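**Q** My questions all concern the structure below.
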Amino acid sequence: MVSTVSSLIKLQECHDKPIPVVGGKTRNLALASQSGYTVPDGFCLTSNAYKDFIKKNRLEQILNLELYRKPFEQMRWEELWDSGLRIRSAFLKSVFPDDLKETIETQIKNYPEDVLFSVRSSATEEDAEGHSFAGIHDSYINVHRSDLTEKIVLVWASLWNDRSLLYRKEKSLDPMESSMAVLVQIMNHQAISGLAFTKNPLTGNKNEMVIETISGTLDHLVDNIKTPETLVLHKADGAVLSSTVSTLQDFFDKQTVLDLYKKIIQLEEIFNYPIDVEWTGLNHNFTLLQVRPITFGKKDKDNDRQWYLSLTPSNQKLIALTNKIENQLLPEMLSDIENLPSLPDGSTEHSFNDLFFSIGESYEKWKRIYWSDFIPFAHGIRKFGQYYNDLLKPDDPFAFIDLLKNEPILAKERNKKMKELALMITETPLIYEAVTDFFNNNLSDFNQLLENIRKTSHDGALFADAFETLLKDHFLLFYEQTSFSEHPEMILSVLLSLSKMNQIEDKKLLSSEENQETTYFQMAGQNNQEAKDWLKIGRLSWKLRDDDNILLAKIEQRLWEFVKEASDKLRHLSLLESDSAVALDQWKTLHQALLKKSIIPKKVTIPETQETSQRILKPRQLLGQPSSSGVASGRARILTDLSDFTKVIPGEILIFDAVQPQMTFIISLAGGIIERRGGMLVHSSIIARELGIPAVNGVSLATELIKNGDYVTVNGDLGIIVVSR
Amino acid sequence: MRKKYDEPMFVNVTACDSQCAEKETLKEIQKLCDDQNFAVLATQGDGQPYTSLISFSVNDSLTKLYFSTPSQTRKFNLLEKNHLVSVLIDNRSDLPTGLNQISGLTITGTAKVLSDEDQIKKASVVLLDKHPYLQRFIQSSTTKIIEVSAEHLYYVRRFQEVFEWSPR
């Protein structure tokens with residue numbers, strides 16, 4: 001017999017429906033309702049409604065293409081986010097089935113016209129014991145009936161958001177098998193709301209019940225906007241063990257606390273495991289919003305995931321972070337960089353040590369802030385993108401980038417200066433000859449070359465000055481245990497290559513961008529301020545995402561100068577062996593050794609054993625994601641360290657493991673770009689899109705599978721690399 | 001220090017370098033050949049390609065592929081005239097919905113009708129090991145056993161990822 005499950009079931013009737021149909025959240029609430037608890041009136045769109053939507057819009061293949069594009073374990077955070085965004089976009093552009101729309105309308109026509117709804121995920125693995133997807137899927141509150149279907153679609157789409165995918169991998173839940181029910185309820189606004197835990201979520205103490213409470217609706221508590229008052233009760237009898245309730249004490253007389261305690265305890269008896277409850281209203285107004293098993297007890301032992309989850313701050317946190325970065329951190333960092341101490345000339349050892357230490361401390365501080373604030377802030381671009389897509393529903397889910405890309409980032413300023421210098425080489429034969437002569441004859445005295453150029457002519461002197469300024473302004477940067485400023489000949493060789501390229505003009509699409517901005521604000525309508533705020537967050541986030549690496553590299557550079565000086569001093573004192581290399585992060589050890597005149601033991605390094613067995617498989621086509629459109633073919637050039645930069649011949653296909661903003665100038669020379677690190681918003685694809693250079697990234701093992709000199713084709717429209725030898 | 005941010009995000013998963021990736025891929029190809037009973041054979045005549053379904057077996061090193069056919073068939077006549085053939089082994093019938101889960105192996109090479117008794121015996125063992133139900137068919141005097149020596153192999157997965165190699 002084929003059982004047909006309806007796509008909509010009234011909440012009160014969900015208590016005996018299977019979790020795969022109504023989801024855990026709905027069923028738990030319906031069970032509580034069945035036992036006499038008040039829950040807001042509502043209905044559940046079953047997993048069948050979801051499946052019907054997927055089927056009618058043929059979304060299975062889109063999901064399949066996104067989720068099995070490459071082995072999950074090779075996916076980076078940003079690639080998952082990209083996939084999530086593309087899926088979300090496809091959902092948003094899909095058609096909501098008419099029959100389902102009618103069913104919903106019939107259901108809500110009895111409610112008053114101005115009633116507002118909550119639309120919440122009720123995933124079919126959610127809130128079951130052992131699988132809590134708390135806070136992973138989306139929920140919406142205060143939704144007007146005219147927005148119901150769109151919000152339902154967004155909740156469905158959140159089954160495939162990046163956070164959800166991160167958990168699914170570990171819990172071995174097959175994305176193709178997963179489904180989502182949605183719980184729609186009328187909003188219930190009360191003067192006081194809160195959470196309750198029948199076991200202390202912080203200590204795991206089973207003899208305690210914890211109640212957290214705030215005035216107003218619960219979302220302020222769940223999103224950590226307001227700090228709650230906390231009551232700790234003795235679980236056996238409800239006696240108050242501790243309480244911070246002060247401002248809300250009018251609500252909490254002894255009788256009320258006892259009433260709340262009893263309701264929660266009886267609820268736990270129904271479920272028979274420690275529960276986590278969301279509620280609103282007290283005494284006879286008490287209304288249950290959610291009940292689920294406690295998962296806090298077994299705190300995520302994995303710090304990595306905690307960290308990854310911190311990368312998607314909530315809207316409120318992001319707004320706070322924006323203010324902190326704009327008004328405090330960024331001005332402070334720029335001022336710190338401005339005031340970084342230089343290497344003292346012939347000063348006392350004492351003052352060197354002090355300066356060394358203070359610069360080291362500064363480095364540690366900004367490294368910390370880079371991790372704790374700057375990287376999470378990069379999510380601002382994505383939040384803006386999501387806001388933009390919800391508003392405009394564009395065909396290209398990454399169209400929002402056009403509104404960001406004209407921000408004056410440091411790397412762009414550097415590239416512009418480099419172009420100017422390249423043009424001087426092109427236009428001044430004497431400079432051109434001097435520079436080509438230097439490289440053709442493998443000369444090594446760079447200062448001599450610069451002096452020679454200076455002497456050629458007035459233009460030569462201008463060039464030499466401009467080159468020195470370029471180095472000073474843009475290349476006092478630490479990079480991979482060296483500094484760009486230690487390799488001026490590499491910079492010059494890139495300039496020479498640039499000078500040989502005919503077309504090095506940026507694509508300028510200013511007018512279309514202005515149109516796009518106008519459309520953006522038109523669509524925002526009365527939410528103009530909100531749209532403005534998101535655009536501001538998006539732009540600052542965009543700029544900082546590129547600039548932070550460069551700014552940090554400036555601090556690293558100065559510390560590096562001290563590290564080198566310190567190691568020279570130590571070698572001179574025979575405290576450091578002459579052939580022993582030092583790394584930036586050893587600065588504390590070097591500082592201590594100088595202070596205490598102690599010997600730095602030589603690091604024992606075990607040489608890596610390289611297996612050199614013959615490879616059988618040759619790559620013919622490799623897959624990545626298209627990050628800048630167009631098709632280009634050419635010889636492959638793998639860039640692993642700075643010495644490779646000088647070998648680049650304009651038009652070659654450049655292959656990177658990961659491109660940092662410090663080195664994006666080399667992209668101007670590329671015919672095409674391939675990168676192992678994936679993401680639509682990684683530094684290389686931003687520059688590549690701007691220069692109109694085809695790029696594919698997220699290509700697993702790119703630098704290993706492709707060899708120097710391979711003839712490769714980069715298909716930046718489809719994300720495919722074709723290799724021929 | 002930026003390493004962590006750059007790396008794949010999943011815990012308890014060891015990243016595979018190119019060496020281990022190759023081993024995994026070769027295993028995958030071997031499994032495809034073991035799991036599939038049937039393949040598509042392409043022969044040609046006067047420039048006209050002709051495809052047919054066959055039951056096949058391969059040797060462990062994937063250098064030889066065997067199938068059998070009555071000597072009156074069109075494919076037999078065509079391959080007798082032109083030895084250059086191509087065979088496609090794929091798993092589309094296992095996973096009809098997932099474009100990304102389909103994989104296929106294309107073998108191009110030379111077909112030879114076995115006539116040496118010893119060779120026929122050996123090839124029959126390989127074929128019957130996988131297709132015991134074909135015993136009567138294979139041992140019939142009108143059935144010929146064909147050996148395809150692989151020149152090039154092309155393995156396609158995830159819609160567009162392609163690896164190639166030549167056994168020699």
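Ordering of the structure tokens sets the chain letters (A, B, ...); residue numbers start at 1 within each chain; ligands are numbered from 1 in the order shown.
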Using only C-alpha atoms, select each residue of chain A with any atom at most 7 Å away from an atom of chain B, and give the selection as a PyMOL selection string.
**A** chain A and resi 61+64-65+68-69+73-77+616-623+677+701+704
**Q** Can you tell me, as number ranges by chain, what residues are no more than 10 Å from region 45-59 of chain B when counting only C-alpha atoms, ignoring any on the same chain fewer than 2 positions away?
**A** B: 30, 33-34, 36-43, 61-69, 74-75, 77-79, 81-82, 85-89, 123-131, 134, 146-148
**Q** What's the separation between CA of Asn715 (chain A) and CA of Phe645 (chain A), in Å to one decimal place?
**A**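 Pair CA of Asn715 (chain A) / CA of Phe645 (chain A) returns 23.5 Å.
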**Q** How many Å lie between CA of Met424 (chain A) and CA of Leu495 (chain A), rounded to one decimal?
**A** 9.7 Å
**Q** Can you check which residues of region 6-64 of chain B DSSP gives as helix (DSSP H, G or I) on the backbone and send them as a PDB file with C-alpha atoms, in the first residue's frame?
**A**
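And here's result-v5.pdb as it stands now:
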```
ATOM      1  CA  ASP B   6      43.821  27.700   4.330  1.00  0.00           C
ATOM      2  CA  SER B  18      49.074  13.014  -4.848  1.00  0.00           C
ATOM      3  CA  GLN B  19      50.666   9.627  -4.237  1.00  0.00           C
ATOM      4  CA  CYS B  20      47.886   8.303  -2.071  1.00  0.00           C
ATOM      5  CA  ALA B  21      45.312  10.001  -4.295  1.00  0.00           C
ATOM      6  CA  GLU B  22      46.653   7.961  -7.197  1.00  0.00           C
ATOM      7  CA  LYS B  23      46.423   4.733  -5.216  1.00  0.00           C
ATOM      8  CA  GLU B  24      42.845   5.536  -4.285  1.00  0.00           C
ATOM      9  CA  THR B  25      41.951   6.301  -7.872  1.00  0.00           C
ATOM     10  CA  LEU B  26      43.512   3.085  -9.170  1.00  0.00           C
ATOM     11  CA  LYS B  27      41.548   1.157  -6.558  1.00  0.00           C
ATOM     12  CA  GLU B  28      38.403   2.911  -7.705  1.00  0.00           C
ATOM     13  CA  ILE B  29      39.044   1.924 -11.325  1.00  0.00           C
ATOM     14  CA  GLN B  30      39.716  -1.688 -10.374  1.00  0.00           C
ATOM     15  CA  LYS B  31      36.486  -1.749  -8.407  1.00  0.00           C
ATOM     16  CA  LEU B  32      34.546  -0.312 -11.337  1.00  0.00           C
ATOM     17  CA  CYS B  33      35.831  -3.107 -13.581  1.00  0.00           C
ATOM     18  CA  ASP B  34      35.078  -5.764 -10.958  1.00  0.00           C
ATOM     19  CA  ASP B  35      31.598  -4.493 -10.154  1.00  0.00           C
TER      20      ASP B  35
END
```
